[in-house]
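**Student:** I am sharing upload-v5.cif, which consists of mmCIF, C-alpha atoms and all ligand atoms:
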data_query
#
loop_
_atom_site.label_atom_id
_atom_site.label_comp_id
_atom_site.auth_asym_id
_atom_site.auth_seq_id
_atom_site.Cartn_x
_atom_site.Cartn_y
_atom_site.Cartn_z
CA MET A 181 -13.22 5.79 11.06
CA ILE A 182 -12.83 7.23 7.59
CA TYR A 183 -15.08 5.90 4.86
CA THR A 184 -13.81 6.20 1.30
CA GLY A 185 -16.04 3.63 -0.44
CA GLY A 186 -15.60 0.08 -1.73
CA THR A 187 -17.56 -3.15 -1.52
CA ILE A 188 -17.80 -2.91 2.25
CA GLY A 189 -20.44 -0.20 1.88
CA MET A 190 -22.13 -1.25 -1.32
CA LYS A 191 -25.58 -2.48 -2.12
CA GLN A 192 -27.28 -3.69 -5.27
CA ASP A 193 -28.85 -1.02 -7.44
CA GLU A 194 -32.41 -2.11 -8.13
CA LYS A 195 -32.31 -1.03 -11.77
CA SER A 196 -28.87 -2.00 -13.03
CA LEU A 197 -28.23 -4.71 -10.39
CA ALA A 198 -24.67 -3.40 -10.17
CA LEU A 199 -23.14 -2.72 -6.76
CA VAL A 200 -23.27 0.98 -5.87
CA PRO A 201 -21.89 2.72 -2.77
CA VAL A 202 -24.13 3.68 0.16
CA ASP A 203 -23.47 6.27 2.86
CA ILE A 204 -21.72 5.63 6.13
CA SER A 205 -24.88 5.68 8.23
CA GLN A 206 -25.97 2.49 6.50
CA ILE A 207 -22.68 0.82 7.39
CA GLN A 208 -23.06 1.86 11.00
CA GLU A 209 -26.57 0.44 11.08
CA GLU A 210 -25.22 -2.88 9.88
CA VAL A 211 -22.55 -2.98 12.60
CA PRO A 212 -24.42 -2.16 15.82
CA GLU A 213 -21.48 -3.79 17.66
CA LEU A 214 -19.62 -0.49 17.15
CA LYS A 215 -21.74 0.98 19.94
CA LYS A 216 -20.62 -1.76 22.31
CA PHE A 217 -16.99 -0.68 22.18
CA GLY A 218 -15.78 1.32 25.13
CA TYR A 219 -14.06 3.66 22.69
CA SER A 220 -15.44 6.82 21.27
CA ILE A 221 -15.52 6.48 17.51
CA ASP A 222 -16.11 9.41 15.23
CA THR A 223 -16.78 8.87 11.56
CA TYR A 224 -15.88 10.86 8.52
CA SER A 225 -17.09 10.07 5.04
CA PHE A 226 -15.71 11.26 1.74
CA ASP A 227 -18.40 12.73 -0.48
CA PRO A 228 -18.91 11.15 -2.88
CA VAL A 229 -17.57 7.80 -1.74
CA ILE A 230 -15.80 5.95 -4.53
CA ASP A 231 -15.01 2.53 -5.83
CA SER A 232 -11.31 2.15 -5.18
CA SER A 233 -10.61 1.78 -8.90
CA ASP A 234 -11.20 5.53 -8.98
CA ILE A 235 -8.58 6.29 -6.33
CA THR A 236 -6.08 8.93 -7.39
CA PRO A 237 -2.91 10.36 -5.87
CA ALA A 238 -4.92 13.54 -5.21
CA PHE A 239 -7.24 11.40 -3.06
CA TRP A 240 -4.22 10.15 -1.07
CA VAL A 241 -3.22 13.76 -0.45
CA ASN A 242 -6.73 14.46 0.89
CA LEU A 243 -6.55 11.40 3.12
CA CYS A 244 -3.17 12.46 4.52
CA ASN A 245 -4.38 15.99 5.16
CA LEU A 246 -7.46 14.65 6.92
CA ILE A 247 -5.34 12.47 9.20
CA LYS A 248 -2.89 15.29 9.87
CA LYS A 249 -5.73 17.66 10.74
CA ASN A 250 -7.15 15.18 13.26
CA TYR A 251 -3.88 13.61 14.35
CA GLU A 252 -3.82 14.90 17.91
CA LYS A 253 -7.49 14.22 18.47
CA TYR A 254 -7.46 10.43 18.01
CA ASP A 255 -5.46 7.40 19.12
CA GLY A 256 -5.79 5.69 15.77
CA PHE A 257 -7.41 5.80 12.36
CA VAL A 258 -9.35 3.14 10.47
CA ILE A 259 -9.88 3.68 6.76
CA LEU A 260 -12.67 1.79 5.02
CA HIS A 261 -11.48 1.34 1.46
CA GLY A 262 -12.20 -0.80 -1.58
CA THR A 263 -9.91 -3.78 -1.80
CA ASP A 264 -8.93 -3.39 -5.45
CA THR A 265 -6.39 -0.63 -4.87
CA MET A 266 -6.02 -0.88 -1.10
CA SER A 267 -2.40 -2.02 -1.36
CA TYR A 268 -1.58 1.03 -3.47
CA THR A 269 -3.21 3.38 -0.98
CA ALA A 270 -1.54 1.69 1.99
CA SER A 271 1.84 1.85 0.25
CA ALA A 272 1.37 5.49 -0.72
CA LEU A 273 0.30 6.57 2.78
CA SER A 274 3.26 4.80 4.34
CA PHE A 275 5.68 6.92 2.31
CA MET A 276 3.61 10.10 2.56
CA MET A 277 3.40 10.11 6.37
CA GLU A 278 6.72 10.41 8.19
CA ASP A 279 7.26 10.01 11.94
CA LEU A 280 3.93 8.24 12.24
CA ALA A 281 3.30 7.28 15.88
CA LYS A 282 -0.33 6.19 15.58
CA PRO A 283 -2.01 3.27 13.81
CA VAL A 284 -3.56 3.82 10.40
CA VAL A 285 -5.45 0.61 9.60
CA LEU A 286 -7.03 0.11 6.19
CA THR A 287 -9.75 -2.45 5.81
CA GLY A 288 -12.65 -3.37 3.55
CA SER A 289 -14.48 -6.50 2.56
CA GLN A 290 -15.21 -8.93 -0.22
CA LEU A 291 -18.94 -9.00 0.54
CA PRO A 292 -20.94 -5.86 1.40
CA VAL A 293 -21.49 -5.34 5.09
CA GLY A 294 -25.25 -5.73 4.73
CA MET A 295 -25.00 -9.27 3.36
CA LEU A 296 -25.50 -12.24 5.61
CA ARG A 297 -22.12 -13.86 5.07
CA THR A 298 -20.22 -10.57 5.00
CA ASP A 299 -16.58 -10.50 6.02
CA GLY A 300 -16.93 -6.76 6.55
CA LYS A 301 -18.22 -6.79 10.12
CA GLU A 302 -15.32 -8.68 11.61
CA ASN A 303 -12.86 -6.69 9.54
CA ILE A 304 -14.23 -3.39 10.86
CA ILE A 305 -14.50 -4.53 14.47
CA SER A 306 -10.98 -5.99 14.66
CA SER A 307 -9.49 -3.01 12.80
CA ILE A 308 -10.94 -0.67 15.38
CA GLU A 309 -9.64 -2.78 18.21
CA ILE A 310 -6.16 -2.82 16.62
CA ALA A 311 -6.22 0.93 15.98
CA ALA A 312 -7.04 1.49 19.65
CA ALA A 313 -4.58 -1.04 21.10
CA VAL A 314 -1.83 0.31 23.34
CA ASP A 315 1.08 -1.37 25.12
CA GLU A 316 2.02 -1.26 28.82
CA THR A 317 3.47 2.24 28.39
CA GLY A 318 0.34 3.61 26.75
CA HIS A 319 1.90 3.84 23.28
CA ALA A 320 0.23 2.53 20.15
CA MET A 321 0.77 -1.19 19.64
CA VAL A 322 1.07 -0.83 15.85
CA PRO A 323 2.09 2.70 14.84
CA GLU A 324 2.21 1.82 11.15
CA VAL A 325 0.09 2.03 8.03
CA CYS A 326 -1.38 -1.48 7.92
CA ILE A 327 -4.04 -3.53 6.23
CA TYR A 328 -6.30 -5.70 8.34
CA PHE A 329 -8.10 -8.41 6.45
CA GLU A 330 -9.53 -11.83 7.33
CA SER A 331 -7.85 -12.25 10.72
CA GLN A 332 -4.44 -10.97 9.68
CA LEU A 333 -2.74 -7.63 10.11
CA TYR A 334 -0.18 -6.80 7.44
CA ARG A 335 2.34 -4.04 6.94
CA GLY A 336 0.50 -2.08 4.25
CA ASN A 337 3.42 -1.52 1.91
CA ARG A 338 4.18 -5.24 1.84
CA THR A 339 0.78 -6.30 0.61
CA THR A 340 -0.73 -7.20 -2.73
CA LYS A 341 -4.32 -8.07 -3.48
CA TYR A 342 -3.98 -11.56 -4.86
CA ASN A 343 -7.46 -13.06 -4.68
CA ALA A 344 -10.55 -11.51 -6.26
CA GLU A 345 -12.99 -13.87 -4.53
CA ASN A 346 -11.62 -15.40 -1.38
CA PHE A 347 -12.08 -13.68 1.97
CA ARG A 348 -8.31 -13.93 2.36
CA ALA A 349 -7.77 -11.36 -0.38
CA PHE A 350 -4.33 -10.04 0.57
CA ARG A 351 -0.92 -11.48 0.87
CA SER A 352 2.33 -10.19 2.30
CA ALA A 353 4.70 -12.72 0.81
CA ASN A 354 7.98 -11.13 1.85
CA TYR A 355 7.16 -10.00 5.37
CA PRO A 356 5.38 -11.89 8.16
CA VAL A 357 2.05 -10.68 9.52
CA LEU A 358 2.15 -8.01 12.23
CA ALA A 359 -0.69 -9.63 14.11
CA ASP A 360 -2.83 -12.75 14.02
CA VAL A 361 -6.39 -12.47 15.16
CA GLY A 362 -8.12 -15.43 16.73
CA ILE A 363 -9.54 -15.66 20.21
CA HIS A 364 -6.80 -13.21 21.11
CA ILE A 365 -5.08 -10.59 19.02
CA LYS A 366 -1.48 -11.76 18.92
CA PHE A 367 0.80 -8.88 18.01
CA ASN A 368 4.19 -9.91 16.64
CA ARG A 369 5.94 -7.06 18.35
CA SER A 370 9.46 -7.79 17.14
CA LEU A 371 8.20 -7.27 13.57
CA ILE A 372 6.42 -3.98 14.16
CA GLN A 373 8.21 -0.70 13.47
CA TYR A 374 8.26 1.76 16.33
CA PRO A 375 9.18 5.42 15.94
CA LYS A 376 12.50 6.63 17.36
CA ARG A 377 10.53 9.29 19.21
CA TRP A 378 6.84 9.24 20.04
CA ASP A 379 6.40 12.98 20.33
CA MET A 380 7.37 14.02 16.82
CA PRO A 381 4.75 15.87 14.81
CA LEU A 382 3.43 13.96 11.82
CA LYS A 383 5.24 15.11 8.69
CA LEU A 384 3.50 14.83 5.33
CA ARG A 385 5.12 14.35 1.94
CA THR A 386 2.27 15.34 -0.30
CA LYS A 387 4.21 16.49 -3.34
CA LEU A 388 3.94 13.52 -5.67
CA ASP A 389 5.31 13.10 -9.16
CA THR A 390 3.43 10.37 -11.00
CA ASN A 391 5.55 10.40 -14.14
CA VAL A 392 6.20 6.71 -13.70
CA ALA A 393 5.35 3.67 -15.83
CA ILE A 394 5.32 -0.07 -15.22
CA LEU A 395 6.62 -2.54 -17.78
CA LYS A 396 6.07 -6.25 -17.34
CA ILE A 397 8.49 -8.11 -19.58
CA PHE A 398 7.55 -11.32 -21.36
CA PRO A 399 9.24 -13.73 -23.79
CA GLY A 400 9.01 -12.10 -27.18
CA ILE A 401 8.75 -8.49 -25.99
CA THR A 402 9.83 -6.21 -28.83
CA PRO A 403 12.16 -3.21 -28.61
CA ALA A 404 9.24 -1.15 -29.97
CA ALA A 405 7.08 -2.12 -26.99
CA ILE A 406 9.91 -1.28 -24.59
CA ASP A 407 10.50 2.04 -26.34
CA ALA A 408 6.79 2.85 -26.18
CA VAL A 409 6.72 2.49 -22.40
CA LEU A 410 10.18 3.72 -21.45
CA GLY A 411 9.86 6.59 -23.89
CA THR A 412 6.52 7.79 -22.48
CA LYS A 413 6.53 11.57 -22.63
CA GLY A 414 7.68 13.06 -19.33
CA CYS A 415 8.38 9.67 -17.79
CA ARG A 416 11.11 9.85 -15.12
CA ALA A 417 11.08 6.30 -13.82
CA VAL A 418 9.94 2.82 -14.81
CA VAL A 419 9.21 -0.19 -12.63
CA LEU A 420 10.49 -3.14 -14.65
CA GLU A 421 8.78 -6.40 -13.68
CA THR A 422 11.32 -9.07 -14.51
CA PHE A 423 11.51 -12.85 -14.34
CA GLY A 424 12.52 -14.78 -11.21
CA SER A 425 15.27 -13.15 -9.21
CA GLY A 426 15.45 -10.12 -11.50
CA ASN A 427 16.28 -11.65 -14.85
CA ALA A 428 15.54 -10.46 -18.37
CA PRO A 429 16.53 -11.47 -21.90
CA THR A 430 20.25 -11.09 -22.57
CA THR A 431 19.90 -10.32 -26.26
CA ARG A 432 21.89 -7.28 -27.30
CA GLN A 433 18.70 -5.77 -28.61
CA PHE A 434 16.93 -5.95 -25.25
CA VAL A 435 19.84 -4.82 -23.11
CA SER A 436 20.85 -1.98 -25.41
CA THR A 437 17.27 -0.68 -25.51
CA ILE A 438 17.15 -0.51 -21.70
CA LYS A 439 20.63 0.98 -21.58
CA LYS A 440 19.66 3.68 -24.06
CA TRP A 441 16.88 4.96 -21.80
CA VAL A 442 18.95 4.74 -18.62
CA LYS A 443 21.65 6.81 -20.37
CA LYS A 444 19.00 9.40 -21.19
CA GLY A 445 18.35 9.74 -17.45
CA LEU A 446 15.43 7.37 -16.92
CA ILE A 447 15.38 5.53 -13.59
CA VAL A 448 14.62 1.85 -14.12
CA VAL A 449 13.83 -0.21 -11.01
CA ASN A 450 13.90 -3.99 -11.13
CA VAL A 451 11.20 -5.92 -9.25
CA THR A 452 10.27 -9.54 -9.72
CA GLN A 453 7.10 -10.81 -11.37
CA CYS A 454 7.13 -13.63 -8.82
CA GLN A 455 4.72 -13.48 -5.91
CA ALA A 456 7.53 -13.86 -3.39
CA GLY A 457 11.30 -13.52 -3.11
CA LYS A 458 13.74 -10.85 -4.06
CA VAL A 459 15.69 -9.45 -6.97
CA ASP A 460 19.37 -10.37 -7.03
CA MET A 461 21.05 -8.85 -10.04
CA GLY A 462 24.25 -10.78 -9.34
CA ALA A 463 22.73 -14.24 -9.42
CA TYR A 464 22.52 -14.87 -13.19
CA ALA A 465 24.14 -13.38 -16.25
CA THR A 466 20.66 -12.24 -17.24
CA GLY A 467 20.43 -10.09 -14.10
CA VAL A 468 24.03 -8.88 -14.29
CA ALA A 469 23.34 -7.48 -17.76
CA LEU A 470 20.55 -5.32 -16.32
CA ARG A 471 22.74 -4.12 -13.47
CA GLU A 472 25.45 -3.19 -15.95
CA ALA A 473 22.87 -1.31 -17.98
CA GLY A 474 22.28 0.88 -14.91
CA VAL A 475 19.05 -0.70 -13.65
CA VAL A 476 18.45 -0.27 -9.91
CA SER A 477 17.35 -3.15 -7.67
CA GLY A 478 13.93 -3.01 -6.07
CA TYR A 479 14.99 -5.87 -3.74
CA ASP A 480 11.93 -7.67 -2.40
CA SER A 481 9.45 -4.84 -2.71
CA THR A 482 6.06 -5.16 -4.31
CA THR A 483 5.26 -3.31 -7.51
CA GLU A 484 2.72 -1.24 -5.56
CA ALA A 485 5.29 -0.15 -2.99
CA THR A 486 7.95 0.59 -5.61
CA LEU A 487 5.53 2.71 -7.61
CA CYS A 488 4.40 4.74 -4.61
CA LYS A 489 7.95 5.12 -3.31
CA LEU A 490 8.88 6.56 -6.70
CA PHE A 491 5.91 8.97 -6.65
CA VAL A 492 7.10 10.37 -3.32
CA LEU A 493 10.83 10.41 -4.10
CA LEU A 494 10.36 12.00 -7.53
CA GLY A 495 8.11 14.60 -5.93
CA ARG A 496 10.79 15.33 -3.41
CA TYR A 497 13.97 15.30 -5.48
CA SER A 498 14.62 16.68 -8.92
CA SER A 499 17.95 14.85 -9.03
CA SER A 500 17.72 11.29 -10.34
CA ALA A 501 20.90 10.41 -8.45
CA MET A 502 19.17 11.34 -5.16
CA VAL A 503 16.09 9.31 -6.08
CA LYS A 504 18.27 6.29 -6.89
CA LYS A 505 20.12 6.68 -3.60
CA GLU A 506 16.91 6.81 -1.58
CA LEU A 507 15.45 3.88 -3.51
CA GLN A 508 18.23 1.73 -2.10
CA LYS A 509 17.15 2.53 1.46
CA CYS A 510 14.37 0.95 3.44
CA LEU A 511 12.26 4.03 4.21
CA CYS A 512 9.37 2.47 6.11
CA GLY A 513 9.77 -1.27 6.15
CA GLU A 514 9.03 -1.78 2.46
CA ILE A 515 12.21 -3.73 1.67
CA SER A 516 14.23 -6.23 3.65
CA ILE A 517 17.43 -4.23 4.00
CA LYS A 518 18.38 -1.66 6.61
N1 LIG B 601 -14.42 -2.66 -6.62
C1 LIG B 601 -14.35 -2.64 -5.18
C2 LIG B 601 -13.37 -1.57 -4.78
O1 LIG B 601 -12.19 -1.78 -4.79
C3 LIG B 601 -13.94 -3.97 -4.67
C4 LIG B 601 -13.83 -4.09 -3.18
O2 LIG B 601 -14.01 -3.18 -2.41
O3 LIG B 601 -13.51 -5.19 -2.73
O4 LIG B 601 -13.79 -0.49 -4.46
#
Please lay out the structure from this file as structure tokens.
**Tutor:**
Amino acid sequence: MIYTGGTIGMKQDEKSLALVPVDISQIQEEVPELKKFGYSIDTYSFDPVIDSSDITPAFWVNLCNLIKKNYEKYDGFVILHGTDTMSYTASALSFMMEDLAKPVVLTGSQLPVGMLRTDGKENIISSIEIAAAVDETGHAMVPEVCIYFESQLYRGNRTTKYNAENFRAFRSANYPVLADVGIHIKFNRSLIQYPKRWDMPLKLRTKLDTNVAILKIFPGITPAAIDAVLGTKGCRAVVLETFGSGNAPTTRQFVSTIKKWVKKGLIVVNVTQCQAGKVDMGAYATGVALREAGVVSGYDSTTEATLCKLFVLLGRYSSSAMVKKELQKCLCGEISIK
């Protein structure tokens, strides 16, 4: 169990009354049930632990290295993480760890674990059970990077945090849950990704290039605003959050501004602003114009997954053509194409 920080391990600071992180021993004290498991659970805590708003790609690299270092020693890994950026971390880890054959389950809570009505206890206990679960052949039941939250197990790179208050804080709108937790843990095995081979060593992709920007379009967006984002110094790729099934204004001004940057070598990936559904740049003239301008489809992927996929692909390939080619592939279940 790896503790990174987040609400799950916070308590109120007497002076400022703000929530501040505590150390892992205090979490363990609050969840004495951990001792009742028949598993042996070791804990590791980052020092200092951080609010997940302070998560950085360098932190993801540290997390990957920690898992790699201990990969053979454990059957599964549970990461306690703040909820605010958990979907980013889960997405990043899914692309950074290749040939994963063990569960990596991220969880956290909306209320600190020491509070009476906390959701943290159940989240930790079920996450550990899921991380330890094996099938009839002794292989991991869910060898994926996942998020467990409020009785549901999600593929990590399909999630978005969509509720800042409710215990059901995450949503995976374009992919069904990997497991439902009630009296029994019901694994939806046909939806889980299994490795081609179980004995492959874990391969890390820790070279990330974060020269990426996100632009959410809106009615009235000016060419100057587009230029400011797409023309960011050093920027190699932009995630363009468009309307509906991948649509954007058809004005010559808008399309030619996008086209100008694509021609200069910028990779522009189209994802939808909608909570669910996919980009189809052939459906409306407004989408066709983007496709003709050289914009690449992000299909049904979340902004978080697209961003992290770009970080890894740009870190791996200097050629934009290669990055664009790989973007079209489903690398670890992040988009609904083969
Ligand atoms: N600000 C906290 C964090 O993301 C919120 C949480 O954990 O739910 O670290």
**Student:** Write out as a CSV table (one decimal) with C-alpha atoms, in the coordinates of the input each polymer residue whose atoms come within 6 Å of Thr466 in chain A, counting only C-alpha atoms; drop sequence neighbours fewer than 2 positions from it.
**Tutor:**
chain,number,residue,atom,x,y,z
A,427,ASN,CA,16.3,-11.6,-14.8
A,428,ALA,CA,15.5,-10.5,-18.4
A,430,THR,CA,20.2,-11.1,-22.6
A,464,TYR,CA,22.5,-14.9,-13.2
A,468,VAL,CA,24.0,-8.9,-14.3
A,469,ALA,CA,23.3,-7.5,-17.8
**Student:** List the residues sitting within 9 Å of (15.7, 6.6, -21.0) in the file's frame, using only C-alpha atoms, as a list in words.
**Tutor:**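 Taken together, the residues in range are Asp407, Leu410, Gly411, Cys415, Arg416, Ala417, Thr437, Ile438, Lys439, Lys440, Trp441, Val442, Lys443, Lys444, Gly445, Leu446, Ile447 and Val448 of chain A.
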**Student:** Enter the distance from CA of Met276 in chain A to CA of Arg385 in chain A, in Å, rounded to one decimal.
**Tutor:**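 Taking CA of Met276 in chain A and CA of Arg385 in chain A, their separation equals 4.6 Å.
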**Student:** Mind running chain A against ligand LIG 601 (chain B) at 8 Å and telling me each contacting residue's nearest atom pair with the distance in Å (one decimal), counting all atoms listed in the file, chain and number ascending, as a Markdown table?
**Tutor:**
| residue | atom | partner | partner_atom | distance |
| --- | --- | --- | --- | --- |
| A:Gly185 | CA | B:LIG601 | O4 | 6.2 |
| A:Gly186 | CA | B:LIG601 | O4 | 3.3 |
| A:Thr187 | CA | B:LIG601 | O2 | 3.7 |
| A:Ile188 | CA | B:LIG601 | O2 | 6.0 |
| A:Ile230 | CA | B:LIG601 | O4 | 6.7 |
| A:Asp231 | CA | B:LIG601 | O4 | 3.5 |
| A:Ser232 | CA | B:LIG601 | O4 | 3.7 |
| A:Ser233 | CA | B:LIG601 | O1 | 5.7 |
| A:Asp234 | CA | B:LIG601 | O4 | 8.0 |
| A:His261 | CA | B:LIG601 | O2 | 6.5 |
| A:Gly262 | CA | B:LIG601 | O2 | 3.1 |
| A:Thr263 | CA | B:LIG601 | O3 | 4.0 |
| A:Asp264 | CA | B:LIG601 | O1 | 3.7 |
| A:Thr265 | CA | B:LIG601 | O1 | 5.9 |
| A:Met266 | CA | B:LIG601 | O1 | 7.2 |
| A:Gly288 | CA | B:LIG601 | O2 | 6.1 |
| A:Ser289 | CA | B:LIG601 | O3 | 5.5 |
| A:Gln290 | CA | B:LIG601 | O3 | 4.8 |
| A:Leu291 | CA | B:LIG601 | O3 | 7.4 |
| A:Ala344 | CA | B:LIG601 | O3 | 7.8 |
**Student:** Given the point (11.4, -0.9, 3.1) in the file's coordinates, find the residues that have an atom at most 12 Å from it, counting all atoms listed in the file, and give them as a VMD selection string.
**Tutor:** chain A and resid 271 274 to 275 335 to 338 354 to 355 373 478 to 482 485 to 486 488 to 489 506 to 518
**Student:** Got time to write the residues from that selection, C-alpha atoms, as a PDB file, in the coordinates of the input?
**Tutor:**
ATOM      1  CA  SER A 271       1.840   1.850   0.250  1.00  0.00           C
ATOM      2  CA  SER A 274       3.260   4.800   4.340  1.00  0.00           C
ATOM      3  CA  PHE A 275       5.680   6.920   2.310  1.00  0.00           C
ATOM      4  CA  ARG A 335       2.340  -4.040   6.940  1.00  0.00           C
ATOM      5  CA  GLY A 336       0.500  -2.080   4.250  1.00  0.00           C
ATOM      6  CA  ASN A 337       3.420  -1.520   1.910  1.00  0.00           C
ATOM      7  CA  ARG A 338       4.180  -5.240   1.840  1.00  0.00           C
ATOM      8  CA  ASN A 354       7.980 -11.130   1.850  1.00  0.00           C
ATOM      9  CA  TYR A 355       7.160 -10.000   5.370  1.00  0.00           C
ATOM     10  CA  GLN A 373       8.210  -0.700  13.470  1.00  0.00           C
ATOM     11  CA  GLY A 478      13.930  -3.010  -6.070  1.00  0.00           C
ATOM     12  CA  TYR A 479      14.990  -5.870  -3.740  1.00  0.00           C
ATOM     13  CA  ASP A 480      11.930  -7.670  -2.400  1.00  0.00           C
ATOM     14  CA  SER A 481       9.450  -4.840  -2.710  1.00  0.00           C
ATOM     15  CA  THR A 482       6.060  -5.160  -4.310  1.00  0.00           C
ATOM     16  CA  ALA A 485       5.290  -0.150  -2.990  1.00  0.00           C
ATOM     17  CA  THR A 486       7.950   0.590  -5.610  1.00  0.00           C
ATOM     18  CA  CYS A 488       4.400   4.740  -4.610  1.00  0.00           C
ATOM     19  CA  LYS A 489       7.950   5.120  -3.310  1.00  0.00           C
ATOM     20  CA  GLU A 506      16.910   6.810  -1.580  1.00  0.00           C
ATOM     21  CA  LEU A 507      15.450   3.880  -3.510  1.00  0.00           C
ATOM     22  CA  GLN A 508      18.230   1.730  -2.100  1.00  0.00           C
ATOM     23  CA  LYS A 509      17.150   2.530   1.460  1.00  0.00           C
ATOM     24  CA  CYS A 510      14.370   0.950   3.440  1.00  0.00           C
ATOM     25  CA  LEU A 511      12.260   4.030   4.210  1.00  0.00           C
ATOM     26  CA  CYS A 512       9.370   2.470   6.110  1.00  0.00           C
ATOM     27  CA  GLY A 513       9.770  -1.270   6.150  1.00  0.00           C
ATOM     28  CA  GLU A 514       9.030  -1.780   2.460  1.00  0.00           C
ATOM     29  CA  ILE A 515      12.210  -3.730   1.670  1.00  0.00           C
ATOM     30  CA  SER A 516      14.230  -6.230   3.650  1.00  0.00           C
ATOM     31  CA  ILE A 517      17.430  -4.230   4.000  1.00  0.00           C
ATOM     32  CA  LYS A 518      18.380  -1.660   6.610  1.00  0.00           C
TER      33      LYS A 518
END
**Student:** Choose the residue, out of A:Asn303, A:Ser267, A:Asn346, A:Gln192, that has the smallest atom-to-atom separation from Val361 in chain A; count all atoms listed in the file.
**Tutor:**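 Comparing A:Asn303, A:Ser267, A:Asn346, A:Gln192 against Val361 in chain A, the winner is A:Asn303.
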**Student:** Please provide the set of residues having any atom within 9 Å of range 450-453 of chain A, restricted to only C-alpha atoms, with same-chain residues fewer than 6 positions apart removed, written as number ranges by chain.
**Tutor:** A: 396-397, 418-427, 459, 461, 470, 475-483, 486
**Student:** Those selected residues, please, written with C-alpha atoms and delivered as a tab-separated table (two decimals), in the coordinates of the input.
**Tutor:**
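Once written, selection_18.tsv looks like this:
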chain	number	residue	atom	x	y	z
A	396	LYS	CA	6.07	-6.25	-17.34
A	397	ILE	CA	8.49	-8.11	-19.58
A	418	VAL	CA	9.94	2.82	-14.81
A	419	VAL	CA	9.21	-0.19	-12.63
A	420	LEU	CA	10.49	-3.14	-14.65
A	421	GLU	CA	8.78	-6.40	-13.68
A	422	THR	CA	11.32	-9.07	-14.51
A	423	PHE	CA	11.51	-12.85	-14.34
A	424	GLY	CA	12.52	-14.78	-11.21
A	425	SER	CA	15.27	-13.15	-9.21
A	426	GLY	CA	15.45	-10.12	-11.50
A	427	ASN	CA	16.28	-11.65	-14.85
A	459	VAL	CA	15.69	-9.45	-6.97
A	461	MET	CA	21.05	-8.85	-10.04
A	470	LEU	CA	20.55	-5.32	-16.32
A	475	VAL	CA	19.05	-0.70	-13.65
A	476	VAL	CA	18.45	-0.27	-9.91
A	477	SER	CA	17.35	-3.15	-7.67
A	478	GLY	CA	13.93	-3.01	-6.07
A	479	TYR	CA	14.99	-5.87	-3.74
A	480	ASP	CA	11.93	-7.67	-2.40
A	481	SER	CA	9.45	-4.84	-2.71
A	482	THR	CA	6.06	-5.16	-4.31
A	483	THR	CA	5.26	-3.31	-7.51
A	486	THR	CA	7.95	0.59	-5.61
**Student:** Could you tell me which of A:Ala463, A:Ala311, A:Ala270, A:Met321 comes closest to Leu487 in chain A if we count all atoms listed in the file?
**Tutor:**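 Looking at the shortest contact to Leu487 in chain A, the residue is A:Ala270.
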**Student:** Using CA of Thr223 in chain A and CA of Val258 in chain A as the two end points, give the distance in Å to one decimal.
**Tutor:** 9.4 Å
**Student:** Measuring between all atoms listed in the file, which one of A:Leu296, A:Ala465, A:Leu371, A:Leu260 shows the shortest distance to Leu333 in chain A?
**Tutor:**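 Between A:Leu296, A:Ala465, A:Leu371, A:Leu260, the residue approaching Leu333 in chain A most closely is A:Leu371.
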